[in-house]
Structures are given as structure tokens and as C-alpha cells.
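Participant: I am attaching a structure below and will ask some questions about it afterwards.
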Amino acid sequence: MLTLEIEQQPEWIKLIEQGEEIVVLQHNQPVAKIIPFASQVKRKLGTATGLFAISDDFNEPLTDFDGYQ
């Protein structure tokens with residue numbers, strides 16, 4: 001495996017740290033993808049707050065399926 005020091009490609013490293021993926025091309029054909037480690041990408045919790053609601057009877061049996069039981 002080839003490793004690169006950060007000093008060799010500082011502009012790439014900045015993009016990867018921001019979560020960007022880099023595709024390496026050879027003769028206009030993709031040959032590799034450089035992606036950030038999953039541990040470096042931090043999720044922001046609570047981003048779906050208020051986007052949906054669960055009804056009060058969510059856990060109740062469905063009467064539509066009474067004939068199948």
C-alpha cells in the first residue's frame with residue numbers, strides 16, 4: 001500500500017477532512033477513490049427532529065389484518 005504524507009497533497013487533505021471523496025482518473029477513466037475514514041466523519045444528532053410524527057396507536061394491532069389471523 002502506498003502512503004502519502006500530508007505535506008505532499010495539502011489541498012486534497014483539506015477536502016477529505018471536510019468529508020469529500022476524491023476520484024483518481026487515468027486517461028479520463030476512474031481508477032481509485034480516496035475517501036475519509038468513517039471515524040473522522042462525525043454525525044450531527046437531532047437533524048430529523050420535527051420532520052415526522054409517530055401516532056399514539058403505533059404499537060396497537062392492525063385491524064386491517066383480522067381476517068388473516
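In the C-alpha cells, chains take letters A, B, ... by order of appearance, with residues numbered from 1 within each chain and ligands from 1 in the order shown.
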Name the residues of chain A that come out as helix (DSSP H, G or I) in a backbone DSSP run; write them as a tab-separated table (two decimals) with C-alpha atoms, in the first residue's frame.
Facilitator:
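Just written: result.tsv:
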```
chain	number	residue	atom	x	y	z
A	6	ILE	CA	0.01	15.19	4.43
A	7	GLU	CA	2.57	17.71	3.23
A	8	GLN	CA	2.59	16.12	-0.24
A	10	PRO	CA	-2.35	19.58	1.40
A	11	GLU	CA	-5.28	20.70	-0.78
A	12	TRP	CA	-6.54	17.10	-1.08
A	13	ILE	CA	-6.27	16.55	2.65
A	14	LYS	CA	-8.38	19.62	3.42
A	15	LEU	CA	-11.14	18.36	1.13
A	16	ILE	CA	-11.04	14.84	2.58
A	17	GLU	CA	-11.17	16.18	6.13
A	38	ALA	CA	-15.60	6.69	8.86
A	39	SER	CA	-14.32	7.57	12.31
A	40	GLN	CA	-13.42	11.06	11.11
A	63	THR	CA	-57.46	-4.28	12.35
A	64	ASP	CA	-56.96	-4.45	8.57
A	65	PHE	CA	-55.37	-7.89	9.01
A	66	ASP	CA	-58.00	-9.50	11.27
A	67	GLY	CA	-59.10	-11.87	8.51
A	68	TYR	CA	-55.57	-13.25	8.06
```
Participant: Give the strand (DSSP E) residues of chain A, as assigned by DSSP on the backbone, as a PyMOL selection string.
Facilitator: chain A and resi 22-26+29-34
Participant: Please identify all polymer residues within 12 Å of region 28-34 of chain A, counting only C-alpha atoms, omitting same-chain residues fewer than 2 positions from it, and present them as a list in words.
Facilitator: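 With the cut-off at 12 Å, the set is Thr3, Leu4, Trp12, Ile13, Leu15, Ile16, Glu17, Gly19, Glu20, Glu21, Ile22, Val23, Val24, Leu25, Gln26, Pro36 and Phe37 of chain A.
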